[in-house]
Structure formats: C-alpha cells, structure tokens
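S.K.: Pasting a structure here, questions to come.
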Amino acid sequence: MRLKYFAFCLINLILYSVVADAQTYDDFYRKIDLKLKKDSSYLNLHYVDFTGPIALPSSVTSLPRKDDEPFSFKVNETTTYRFVFLMDAVGVDSLELLYIEQRVDKSAAEGGFFGGGGGGPQTDITRDFIFKDMYDLKLNHFDQYSALFNKVTDYIKKNEDAPPEKLLRINPDTEIKTSLGISSRDNTDYLNFMRTNHLHWYPKPKIVAKAKRGAALEEVKTSFRLDASFSQISFSHEFMDFAMGGASVEYGFTEKVINLLPYQGTPFTAAFRTLINISDKKSDLNKALMIDVKLMGRLKLNTAKMMSSLPFVAADKPKLNMGTSGGFDVQITRPFSLPFLNIYLNAGGPAFSSPDVTVPKGADKEAYFSFSQAEATMSFYWNTSDKMTSRFRMDVGAGYYDIWKGTYSGNSKTTSQKELIQDNFYPVINFYFNFISDNSEFYGCKVRFFDSQASLTSWLKLVEIGGGHIIRFEGTYISAPIARKLRAWEAKDGGAIVQLRYRYGF
C-alpha cells in the first residue's frame, strides 16, 4: 500500500513540476531585472558606451521587446547607449549581453562617437531594453542579438589596451579562495556527471579547439552509442533521438537498492529510457528542466549456477530470489528550485513457487524473496575549482526493500508457509568523485552506505581511441555487514566483481 502511495505522489510531483516551471519564468525575469537595477554597483559587470550615430546593421535599428513596443536607437550626438554585459565569469566562456541603458545629456554637451556617457545631474538615464528583452532576443531573434554581440566584441578587440569599464564599485579580495568548492547555478554539474558516469547517452559538445568569443561548439555526431560491460549494456541510435530529448534501451543483471553484486540477486532487467527536455530552447540543456525516465521490467533468472563459472566474480552463491516486477527510475533537474531529485521504484506481486535458490532447514527448505524495492534521494554537486578537474556529487535520502520467507516441505516447489520478515526504510548516502584531466575523463569512484553495508565502485580509463571509443577497467566491492549480525539471505563476506567497460559515442 505504501508503494502505491509512493508512486501516486511521484506522478503528481512530475506533472506539477512541468506546470510550475512554465509559470515561474516571468518571476525569474523580474527578480533578475530587479537585481541588475538595485545592486549594479555590487555586481562584477562590464559596460561599453556608444555615443552619437551608431553604425549598426539595418536589422537592429529596431529591436523587439517582450512586453512593449519595439525599441529604436536614436541618431543624435546627445544620446549615449550603454551596453552592459557579463564576461570572464565562472561557467561563462563567452560574453553575455544583459541590457541596454539609454543616457541622454540634457545639457547638450559635446560628445564623440564613443564616449564616457555623462552620468551627472544633467543626464537622463532610462533602461528601455531590459534583461527580459535581451534574453528573448537571444532565444528568438538570434541574428539581431549576434549583431549587437559583434558590435560590442569588435569594440573590445579594437581597444585591447583599455579593458571595458566595470559597474562594480567595491574592491573584492582576490586572495580569498573557496575552501569547500564551487557549484554551478544551472545544469552544468549535472550534465558533466551524467556524460561521464551514466549508462545512457547525453548530448555533449565536442571541443576541437578553444572557441572564439560567441562561437558555437561542434557537437559530437555518431550514428549510435553503446555502453557494454560484463553485467550491463545500453544502446541508442540516432533514429531514437527526438525533438524533446532521446531514447535508448538497457539490459543487465544488476540490482540498484539491495546490497548485491551483479548476478548475485538472480534478476534479469530490461529497460526503455527516455530523456525529456522542457525548455524554451531545446539545445540549451544547461537551463532546461530535464526528466530522465527509465521504465523497466525484471524477470526471474537462475544465476546461481552461472556465478560459479564466472572468473570475474568473487562472492558466495546468491541466497536471495528476486521476483518478477516492473518499475521506473526517474531523475529530475531542480523542480520548484529544489535540489536534483532521483526516484526509483520496482514492485511486483508475491510469487513463491519454484525458487531458484533455497537454504536447507532440516528435512525442509527455506527460500528468501524480495519483490519490491524503492529509493528516493536528493543530489548535490560541487567542484574544487572553476576548472572542474575534481568533481563531486553526494546523494542523500532513503531506500526500501521487502524480504519474504517461504518454507517448503521435502522436495515440494510450492510453499507450505510464507512470511513477511522485513519491510523497512533505511538511510542511504552515495558519494561520487570524478577526476577530469585536460577535459578528458580519467578516473571515477562511488562510495555507498546503505543498510549497515558499504560498497565501493571504482573505474579507471585504460584506452581512448579517436572516434569516440573508450575502454575502462572497473571494479565493485561490497563489505560484510557493519555493526550488525549477518542475515540469513546475505552473503557471508560481501563480495567483489571486476570487469571491462566499453563506451562508444559518449
């Protein structure tokens, strides 16, 4: 019953997040414009002033505004236009125009083509083209935005000996360093993590050389993407990409919640995954509401005999039967300004006949089953510096699984007695670390603590071949229970698995 309530709440959460996200855009714009207006002297923004007849293409002499009549540049020598922009900021590799300020010299003082822009009591200052208008111009009228962008960048290049003026009126202490790291305000950290660690493909820019200001980066183009190891495989093709995201399929022998190695829980899982991008501009993943959804089905498969012949698995034979079930695995980027959310549910009906693994109990036998598992966590990302060479993620939340015991008389495959012996939630903490060298993934690890057991997964890139081929060496170790007794369905000393992972097109 609690799992049905869990699923109902999740569906409502997703639907509400889509509606609420659209309704809050105007509120975001208003807050940004207010911040730019009230706190300009505390912001590290730059500006360039143009006075007199501005030499601009005819396409930008009149600019559309979001909620007002078009904005037109005046052609006279008493009007100065101040272009305010952001440059050289963390996570910003190009100049970003923010707004245009009109400054009219009421005293009709003389001025040059490029001037300082007055600012005294005789100057009438209005902000007629605000951030909301500029952002809309970039999204929906990019040719006009590019013309303004080129005007500013050309001026900066021609005056390299005189950097653009700053609105900042305080002296920041450049000796102060961040001791706990920095986090991006958008989806940058999330996307970096997924592109490096996720089993499924995320759109990724390919940096061939350092891009010029404002230049678009080339995107990786491969007809298909593949991630394959001894325990899992995922595949997608370009025909599975669609306007709002993309899709892929997955097969494997893994269990996400319970402390089990691949092949140790007797499941075979097949999944269909889709990535949904909800944003004004579909290519701008950094600012989008992204929903990564995986719909899965799990079949019971006897891997007990298989494990003894697998040289890359060092663990006791499985003692737990995983039932046939279905579910979903959802990851959402900051709904309602919350942290990143991860929600997993896999549930099935009790089925006790013909267990794959049993435990002798005198003249009878016992078998242990798990039919339902769930996990909900919030994710937090940070980096040690703005170069993002050392990247961290931490998941905090709770996990759930049930355990049933069936008793079988003699050689019977039908249970004579069944009992629910565990139905609990436990805290879960996942800690991830990735090391990126020269913009190329090199090493990663994950430490997980759940139900008084610790697990460590670590990988190291062995080979990277041009064209998108990567081979990793990967290993997972699960400890024995810590500070509690061993349960009847658990392996005595934990276990370990080592494997190679091949990735193409990621």
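Here, A, B, ... name the chains of the structure tokens in the order displayed, residue numbers run from 1 inside each chain, and ligands are numbered from 1 in the same displayed order.
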Using 12 Å as the limit and counting only C-alpha atoms, can you tabulate each residue of stretch 321-355 of chain A that touches stretch 303-310 of chain A, with its shortest atom-to-atom distance in Å and the two atoms involved, as CSV?

M.R.:
```
residue,atom,partner,partner_atom,distance
A:Asn321,CA,A:Thr303,CA,10.0
A:Met322,CA,A:Thr303,CA,10.9
A:Pro355,CA,A:Ala304,CA,11.2
```

S.K.: Once DSSP has gone over the backbone, tell me which residues of stretch 301-388 of chain A are in helix (DSSP H, G or I), as a PyMOL selection string.

M.R.: chain A and resi 304-307+335-337

S.K.: So that I can check the surroundings of A:Phe73, please list as a ChimeraX atom specification every protein, DNA and RNA residue that reaches within 9 Å of it, counting only C-alpha atoms and ignoring chain neighbours fewer than 3 positions away.

M.R.: /A:53-54,60-63,81,102

S.K.: Write out as a short mmCIF file (atom, residue, chain, number, x, y, z; two decimals) with N, CA and C atoms, in the first residue's frame the residues lying within 10 Å of A:Asp143, counting only C-alpha atoms and excluding same-chain residues fewer than 5 positions away.

M.R.:
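Result file selection_1.cif:
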```cif
data_model
loop_
_atom_site.label_atom_id
_atom_site.label_comp_id
_atom_site.auth_asym_id
_atom_site.auth_seq_id
_atom_site.Cartn_x
_atom_site.Cartn_y
_atom_site.Cartn_z
N SER A 59 19.07 45.66 -39.59
CA SER A 59 18.21 44.68 -38.92
C SER A 59 18.05 44.96 -37.44
N VAL A 60 18.93 45.79 -36.85
CA VAL A 60 18.86 46.04 -35.41
C VAL A 60 18.58 47.49 -35.07
N LEU A 137 15.55 38.17 -27.05
CA LEU A 137 16.22 38.45 -28.32
C LEU A 137 17.21 37.34 -28.67
N LYS A 138 17.94 36.86 -27.66
CA LYS A 138 18.92 35.79 -27.90
C LYS A 138 18.24 34.48 -28.27
N LEU A 148 24.34 42.83 -32.22
CA LEU A 148 24.72 43.60 -31.03
C LEU A 148 25.97 43.01 -30.37
N PHE A 149 26.00 41.69 -30.28
CA PHE A 149 27.15 41.00 -29.70
C PHE A 149 28.43 41.34 -30.45
#
```

S.K.: Excluding A:Pro267 and any residue of its chain fewer than 3 positions from it, enumerate the residues within 6 Å of it, using only C-alpha atoms, and give them as a list in words.

M.R.: Phe253, Leu299, Lys300, Leu301 and Met322 of chain A
